[in-house]
Structure formats: structure tokens, C-alpha cells
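This is coords.tsv (TSV, C-alpha atoms).
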chain	number	residue	atom	x	y	z
O	1	MET	CA	-8.40	3.56	107.65
O	2	ASP	CA	-5.68	4.87	105.31
O	3	ASP	CA	-2.18	5.75	106.53
O	4	LEU	CA	-2.69	9.54	106.52
O	5	THR	CA	-5.94	9.26	108.46
O	6	ARG	CA	-4.30	6.93	111.00
O	7	ARG	CA	-1.31	9.30	111.44
O	8	VAL	CA	-3.57	12.34	111.92
O	9	ARG	CA	-5.70	10.44	114.40
O	10	ARG	CA	-2.61	9.46	116.43
O	11	LEU	CA	-1.50	13.11	116.52
O	12	GLU	CA	-4.96	14.14	117.71
O	13	ASP	CA	-4.94	11.35	120.28
O	14	ALA	CA	-1.54	12.45	121.60
O	15	GLU	CA	-2.83	16.02	121.90
O	16	GLU	CA	-5.91	14.83	123.81
O	17	ILE	CA	-3.62	12.91	126.18
O	18	ARG	CA	-1.51	16.06	126.74
O	19	ARG	CA	-4.71	17.91	127.64
O	20	LEU	CA	-5.78	15.05	129.92
O	21	LYS	CA	-2.49	15.26	131.83
O	22	ALA	CA	-2.78	19.06	132.03
O	23	LEU	CA	-6.28	18.71	133.50
O	24	TYR	CA	-4.99	16.19	136.04
O	25	CYS	CA	-2.28	18.67	137.10
O	26	HIS	CA	-4.83	21.50	137.21
O	27	PHE	CA	-7.16	19.54	139.51
O	28	CYS	CA	-4.19	18.73	141.75
O	29	ASP	CA	-3.04	22.35	141.84
O	30	ILE	CA	-6.42	23.83	142.79
O	31	GLY	CA	-6.52	21.93	146.06
O	32	TYR	CA	-6.60	18.32	144.89
O	33	ASP	CA	-10.14	18.35	143.52
O	34	ALA	CA	-10.93	14.68	144.16
O	35	ASP	CA	-14.02	14.60	141.95
O	36	GLY	CA	-12.19	16.36	139.13
O	37	ILE	CA	-9.32	13.88	139.31
O	38	ALA	CA	-11.76	10.95	139.48
O	39	SER	CA	-13.45	12.20	136.30
O	40	LEU	CA	-10.18	11.67	134.42
O	41	ILE	CA	-9.53	8.04	135.35
O	42	THR	CA	-10.97	4.66	134.46
O	43	GLU	CA	-13.13	2.76	136.91
O	44	ASP	CA	-10.34	0.22	137.45
O	45	ALA	CA	-7.44	2.70	137.48
O	46	VAL	CA	-4.31	2.22	139.59
O	47	TRP	CA	-2.52	5.22	141.13
O	48	ASP	CA	0.89	4.05	142.34
O	49	GLY	CA	2.90	6.57	144.35
O	50	GLY	CA	5.04	3.82	145.88
O	51	ARG	CA	6.09	4.04	149.51
O	52	THR	CA	6.28	7.83	149.21
O	53	PHE	CA	2.58	8.44	148.46
O	54	GLY	CA	0.88	5.04	148.61
O	55	VAL	CA	-0.85	2.79	146.09
O	56	HIS	CA	-4.58	3.03	145.38
O	57	HIS	CA	-6.72	0.73	143.23
O	58	GLY	CA	-9.96	1.80	141.58
O	59	ARG	CA	-11.62	5.15	140.97
O	60	GLU	CA	-13.29	5.35	144.40
O	61	ALA	CA	-10.10	4.54	146.35
O	62	ILE	CA	-8.20	7.12	144.31
O	63	ARG	CA	-10.95	9.70	144.87
O	64	GLU	CA	-10.77	9.01	148.61
O	65	HIS	CA	-6.97	9.40	148.62
O	66	PHE	CA	-7.25	12.82	146.99
O	67	ARG	CA	-10.10	13.95	149.28
O	68	GLY	CA	-7.59	14.44	152.10
O	69	ALA	CA	-4.61	15.50	150.00
O	70	SER	CA	-5.13	19.25	150.39
O	71	GLN	CA	-4.67	18.91	154.15
O	72	ARG	CA	-1.32	17.17	153.61
O	73	VAL	CA	-0.11	19.26	150.67
O	74	THR	CA	-1.46	22.78	151.00
O	75	ILE	CA	0.27	24.20	147.91
O	76	ALA	CA	1.23	22.22	144.82
O	77	ARG	CA	2.33	23.41	141.41
O	78	HIS	CA	2.73	20.42	139.11
O	79	GLN	CA	5.08	21.20	136.25
O	80	VAL	CA	5.12	18.26	133.86
O	81	MET	CA	7.40	18.26	130.88
O	82	ASN	CA	9.20	16.22	128.24
O	83	PRO	CA	6.23	13.96	127.41
O	84	ILE	CA	6.86	10.73	125.54
O	85	ILE	CA	3.45	9.57	124.33
O	86	ASP	CA	2.92	6.36	122.37
O	87	VAL	CA	-0.56	5.73	120.98
O	88	GLY	CA	-1.54	2.24	119.93
O	89	VAL	CA	0.53	0.31	122.43
O	90	ASP	CA	0.09	-3.45	122.24
O	91	GLY	CA	-1.44	-2.99	118.77
O	92	ASP	CA	-4.57	-1.41	120.26
O	93	ASP	CA	-5.50	2.06	118.96
O	94	ASP	CA	-7.54	2.62	122.14
O	95	SER	CA	-4.53	2.33	124.45
O	96	ALA	CA	-1.50	4.55	124.96
O	97	SER	CA	1.41	5.07	127.28
O	98	GLY	CA	3.06	8.24	128.46
O	99	GLN	CA	6.10	9.28	130.41
O	100	TRP	CA	6.40	12.74	131.94
O	101	LEU	CA	8.99	14.42	134.10
O	102	LEU	CA	7.57	16.24	137.14
O	103	PHE	CA	9.16	19.13	138.98
O	104	GLN	CA	6.93	20.43	141.74
O	105	PRO	CA	7.35	23.10	144.36
O	106	CYS	CA	4.88	22.39	147.14
O	107	THR	CA	4.08	22.89	150.79
O	108	VAL	CA	3.80	19.81	152.99
O	109	GLY	CA	2.47	20.72	156.42
O	110	ASP	CA	4.32	23.94	157.14
O	111	GLU	CA	7.42	23.08	155.11
O	112	ALA	CA	8.31	24.23	151.59
O	113	VAL	CA	9.63	21.29	149.58
O	114	TRP	CA	10.79	20.33	146.10
O	115	LEU	CA	9.59	17.18	144.41
O	116	ALA	CA	11.13	15.69	141.28
O	117	ALA	CA	9.67	12.50	139.83
O	118	THR	CA	8.77	10.62	136.70
O	119	TYR	CA	5.19	9.69	135.81
O	120	ASN	CA	4.72	6.50	133.81
O	121	ASP	CA	1.12	6.41	132.67
O	122	ARG	CA	-1.17	4.09	130.76
O	123	TYR	CA	-4.21	5.53	129.02
O	124	ARG	CA	-7.33	3.92	127.63
O	125	ARG	CA	-9.99	5.33	125.33
O	126	VAL	CA	-13.39	4.68	126.91
O	127	ASP	CA	-16.54	5.67	125.00
O	128	GLY	CA	-14.44	7.88	122.72
O	129	ARG	CA	-12.64	9.70	125.56
O	130	TRP	CA	-9.06	9.22	126.76
O	131	LEU	CA	-8.74	8.42	130.47
O	132	ILE	CA	-5.87	7.54	132.78
O	133	ALA	CA	-5.86	3.79	133.41
O	134	ALA	CA	-2.70	3.67	135.52
O	135	THR	CA	-0.04	6.00	136.79
O	136	LYS	CA	3.20	5.14	138.53
O	137	ILE	CA	5.22	7.88	140.18
O	138	THR	CA	8.93	7.26	140.60
O	139	VAL	CA	10.37	9.84	142.98
O	140	SER	CA	13.89	11.15	142.36
O	141	PHE	CA	13.89	13.52	145.31
O	142	PHE	CA	11.42	15.01	147.78
O	143	THR	CA	13.48	17.45	149.77
O	144	PRO	CA	13.04	20.52	151.99
O	145	ALA	CA	13.45	23.76	150.03
O	146	ASP	CA	15.88	25.18	152.60
O	147	ARG	CA	18.25	22.28	151.95
O	148	ASN	CA	18.99	20.57	148.70
O	149	TRP	CA	18.67	17.05	147.38
O	150	VAL	CA	22.35	16.39	147.99
O	151	GLU	CA	22.06	17.30	151.68
O	152	GLN	CA	18.69	15.58	152.23
O	153	ARG	CA	17.22	13.66	149.32
O	154	PHE	CA	13.91	12.66	150.97
O	155	LEU	CA	11.66	13.91	153.71
O	156	PRO	CA	11.69	11.53	156.71
O	157	GLY	CA	9.33	8.64	156.07
O	158	ARG	CA	8.96	9.57	152.38
O	159	GLU	CA	11.79	7.47	150.97
O	160	PRO	CA	10.75	5.39	147.96
Mind converting the file's structure to C-alpha cells?
Amino acid sequence: MDDLTRRVRRLEDAEEIRRLKALYCHFCDIGYDADGIASLITEDAVWDGGRTFGVHHGREAIREHFRGASQRVTIARHQVMNPIIDVGVDGDDDSASGQWLLFQPCTVGDEAVWLAATYNDRYRRVDGRWLIAATKITVSFFTPADRNWVEQRFLPGREP
């Protein structure tokens, strides 16, 4: 593959990964569509929300985690931004990494809250399609909307 072809392919790959992340956020924001989310991840994926949200290994465990999420988080509006996407990590054109900032207004139980976090993702091309192989969520604050992150940085029991 010549240099121009490789560079164009990496740009296309990065754009596909942006779309993949947007679809993940969409499935979360329409009520945590567990099957939709599961369709975007590898069979052996790891979803690591730390102590705040839990750690889940494998597509079926992740699907099960999201099956009940809409009862815990009744409104979510994932706003991801500032992506840093690197295609060809570890010298493998079928792997990539991504970092995204998350700012999310949401409703947990009957409380309006703000969530700010960083996603660190790994992606893998499987049968010509980019999928999420791992995601790690590092929470900066998860605070009630009627207070601020200086007054109360984390909801009780949701400290990282």
C-alpha cells in the first residue's frame, strides 16, 4: 500500500471510529439500548467504569449491565468531545486507540446530576468493521446539579 493510500485509509478509519463512538452515545441516550450497545463491541470487550459504574468483561456481561441502566439513569445526554484517535497502534492497522472528554447532564433516580469524565478506548477492526474492544471511564466529577463539583464532587457511593 503506498503512502497516500495508507494516509487516506487512516483518515477514513478515524472517521469510522468517530461514528462508532457517536452510535455508542446514541444508544446510551435513547434509554441504554443494550442490544444496540452490544452490537458495537467485540466479543471479549471490557467496559471499565471503575468503582463509580463497575467493570464488566465480555459482550454478554456488558449487555446485561446496560439492560438495567435505564432504571438507574432515566435521562442521559452524552456529549463527547476533543477526540484523540490513533489508528495503527502497536504497528497493527486493525487496532486503534481513542480518548474522549465526556460532559453529561443526566438524571439518576430522581436527582439531576452532572458527570464529567474521560473515555480511554481501544478499538479493533473485526471482519472489516471497527468495534470497541475496551473502554475505561475516568470520572472527574459526578455531582448533583443543584450543587457544584466544588461543594460536592461525587454522589455518595459513586467516588472513583
Cut-off 9 Å: closest region 81-112 of chain O/region 17-35 of chain O atom pairs per residue, using all atoms listed in the file, as JSON lines:
{"residue": "O:Pro83", "atom": "CA", "partner": "O:Arg18", "partner_atom": "CA", "distance": 8.0}
{"residue": "O:Ile85", "atom": "CA", "partner": "O:Ile17", "partner_atom": "CA", "distance": 8.0}
{"residue": "O:Ala96", "atom": "CA", "partner": "O:Ile17", "partner_atom": "CA", "distance": 8.7}
{"residue": "O:Gly98", "atom": "CA", "partner": "O:Ile17", "partner_atom": "CA", "distance": 8.5}
(message) At a cut-off of 8 Å, using only C-alpha atoms, what residues contact His56 (chain O)? Leave out same-chain residues fewer than 2 positions from it and give the result as a VMD selection string.
(response) chain O and resid 46 to 48 54 58 61 to 62 65
Write a file of the just-selected residues containing C-alpha atoms, as a tab-separated table (two decimals), in the coordinates of the input.
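Now in again33.tsv:
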chain	number	residue	atom	x	y	z
O	46	VAL	CA	-4.31	2.22	139.59
O	47	TRP	CA	-2.52	5.22	141.13
O	48	ASP	CA	0.89	4.05	142.34
O	54	GLY	CA	0.88	5.04	148.61
O	58	GLY	CA	-9.96	1.80	141.58
O	61	ALA	CA	-10.10	4.54	146.35
O	62	ILE	CA	-8.20	7.12	144.31
O	65	HIS	CA	-6.97	9.40	148.62
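Between CA of Val113 (chain O) and CA of Ala134 (chain O) the interatomic distance comes to 25.7 Å.
Across O:Leu102, O:Phe53, O:Leu4, O:Asp110, the tightest approach to Met81 (chain O) is made by O:Leu102 when counting all atoms listed in the file.
Closest approach to Leu40 (chain O) from the set O:Ala117, O:Ala14, O:Leu155, O:Leu131 is made by O:Leu131, with distances taken over all atoms listed in the file.
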Could I see region 88-113 of chain O restored to N, CA and C atoms, set down as a PDB file, in the frame of the given file?
ATOM      1  N   GLY O  88      -1.442   3.529 120.612  1.00  0.00           N
ATOM      2  CA  GLY O  88      -1.540   2.240 119.930  1.00  0.00           C
ATOM      3  C   GLY O  88      -0.609   1.204 120.508  1.00  0.00           C
ATOM      4  N   VAL O  89      -0.343   1.306 121.810  1.00  0.00           N
ATOM      5  CA  VAL O  89       0.530   0.310 122.430  1.00  0.00           C
ATOM      6  C   VAL O  89      -0.168  -1.053 122.400  1.00  0.00           C
ATOM      7  N   ASP O  90       0.604  -2.078 122.306  1.00  0.00           N
ATOM      8  CA  ASP O  90       0.090  -3.450 122.240  1.00  0.00           C
ATOM      9  C   ASP O  90      -0.822  -3.660 121.032  1.00  0.00           C
ATOM     10  N   GLY O  91      -0.636  -2.835 119.975  1.00  0.00           N
ATOM     11  CA  GLY O  91      -1.440  -2.990 118.770  1.00  0.00           C
ATOM     12  C   GLY O  91      -2.881  -2.561 118.911  1.00  0.00           C
ATOM     13  N   ASP O  92      -3.200  -1.838 119.974  1.00  0.00           N
ATOM     14  CA  ASP O  92      -4.570  -1.410 120.260  1.00  0.00           C
ATOM     15  C   ASP O  92      -4.648   0.105 120.151  1.00  0.00           C
ATOM     16  N   ASP O  93      -5.394   0.605 119.169  1.00  0.00           N
ATOM     17  CA  ASP O  93      -5.500   2.060 118.960  1.00  0.00           C
ATOM     18  C   ASP O  93      -6.227   2.773 120.100  1.00  0.00           C
ATOM     19  N   ASP O  94      -6.838   2.018 121.007  1.00  0.00           N
ATOM     20  CA  ASP O  94      -7.540   2.620 122.140  1.00  0.00           C
ATOM     21  C   ASP O  94      -6.709   2.554 123.418  1.00  0.00           C
ATOM     22  N   SER O  95      -5.412   2.317 123.285  1.00  0.00           N
ATOM     23  CA  SER O  95      -4.530   2.330 124.450  1.00  0.00           C
ATOM     24  C   SER O  95      -3.297   3.172 124.110  1.00  0.00           C
ATOM     25  N   ALA O  96      -2.690   3.716 125.145  1.00  0.00           N
ATOM     26  CA  ALA O  96      -1.500   4.550 124.960  1.00  0.00           C
ATOM     27  C   ALA O  96      -0.688   4.515 126.243  1.00  0.00           C
ATOM     28  N   SER O  97       0.557   4.919 126.103  1.00  0.00           N
ATOM     29  CA  SER O  97       1.410   5.070 127.280  1.00  0.00           C
ATOM     30  C   SER O  97       2.027   6.465 127.228  1.00  0.00           C
ATOM     31  N   GLY O  98       2.416   6.936 128.388  1.00  0.00           N
ATOM     32  CA  GLY O  98       3.060   8.240 128.460  1.00  0.00           C
ATOM     33  C   GLY O  98       4.058   8.291 129.595  1.00  0.00           C
ATOM     34  N   GLN O  99       5.128   9.009 129.356  1.00  0.00           N
ATOM     35  CA  GLN O  99       6.100   9.280 130.410  1.00  0.00           C
ATOM     36  C   GLN O  99       6.278  10.789 130.485  1.00  0.00           C
ATOM     37  N   TRP O 100       6.288  11.307 131.694  1.00  0.00           N
ATOM     38  CA  TRP O 100       6.400  12.740 131.940  1.00  0.00           C
ATOM     39  C   TRP O 100       7.382  12.972 133.077  1.00  0.00           C
ATOM     40  N   LEU O 101       8.178  13.992 132.976  1.00  0.00           N
ATOM     41  CA  LEU O 101       8.990  14.420 134.100  1.00  0.00           C
ATOM     42  C   LEU O 101       8.166  15.407 134.917  1.00  0.00           C
ATOM     43  N   LEU O 102       8.277  15.340 136.225  1.00  0.00           N
ATOM     44  CA  LEU O 102       7.570  16.240 137.140  1.00  0.00           C
ATOM     45  C   LEU O 102       8.583  16.994 137.974  1.00  0.00           C
ATOM     46  N   PHE O 103       8.427  18.306 138.025  1.00  0.00           N
ATOM     47  CA  PHE O 103       9.160  19.130 138.980  1.00  0.00           C
ATOM     48  C   PHE O 103       8.112  19.958 139.689  1.00  0.00           C
ATOM     49  N   GLN O 104       8.051  19.847 141.013  1.00  0.00           N
ATOM     50  CA  GLN O 104       6.930  20.430 141.740  1.00  0.00           C
ATOM     51  C   GLN O 104       7.363  21.114 143.022  1.00  0.00           C
ATOM     52  N   PRO O 105       7.254  22.441 143.058  1.00  0.00           N
ATOM     53  CA  PRO O 105       7.350  23.100 144.360  1.00  0.00           C
ATOM     54  C   PRO O 105       6.029  22.878 145.086  1.00  0.00           C
ATOM     55  N   CYS O 106       6.108  22.612 146.383  1.00  0.00           N
ATOM     56  CA  CYS O 106       4.880  22.390 147.140  1.00  0.00           C
ATOM     57  C   CYS O 106       5.118  22.669 148.620  1.00  0.00           C
ATOM     58  N   THR O 107       4.028  22.716 149.349  1.00  0.00           N
ATOM     59  CA  THR O 107       4.080  22.890 150.790  1.00  0.00           C
ATOM     60  C   THR O 107       3.467  21.664 151.440  1.00  0.00           C
ATOM     61  N   VAL O 108       4.254  20.991 152.256  1.00  0.00           N
ATOM     62  CA  VAL O 108       3.800  19.810 152.990  1.00  0.00           C
ATOM     63  C   VAL O 108       3.789  20.190 154.459  1.00  0.00           C
ATOM     64  N   GLY O 109       2.591  20.204 155.045  1.00  0.00           N
ATOM     65  CA  GLY O 109       2.470  20.720 156.420  1.00  0.00           C
ATOM     66  C   GLY O 109       2.841  22.193 156.398  1.00  0.00           C
ATOM     67  N   ASP O 110       3.867  22.548 157.140  1.00  0.00           N
ATOM     68  CA  ASP O 110       4.320  23.940 157.140  1.00  0.00           C
ATOM     69  C   ASP O 110       5.709  24.074 156.521  1.00  0.00           C
ATOM     70  N   GLU O 111       6.087  23.100 155.684  1.00  0.00           N
ATOM     71  CA  GLU O 111       7.420  23.080 155.110  1.00  0.00           C
ATOM     72  C   GLU O 111       7.370  23.194 153.585  1.00  0.00           C
ATOM     73  N   ALA O 112       8.159  24.122 153.041  1.00  0.00           N
ATOM     74  CA  ALA O 112       8.310  24.230 151.590  1.00  0.00           C
ATOM     75  C   ALA O 112       9.243  23.125 151.115  1.00  0.00           C
ATOM     76  N   VAL O 113       8.827  22.406 150.083  1.00  0.00           N
ATOM     77  CA  VAL O 113       9.630  21.290 149.580  1.00  0.00           C
ATOM     78  C   VAL O 113       9.678  21.300 148.052  1.00  0.00           C
TER      79      VAL O 113
END
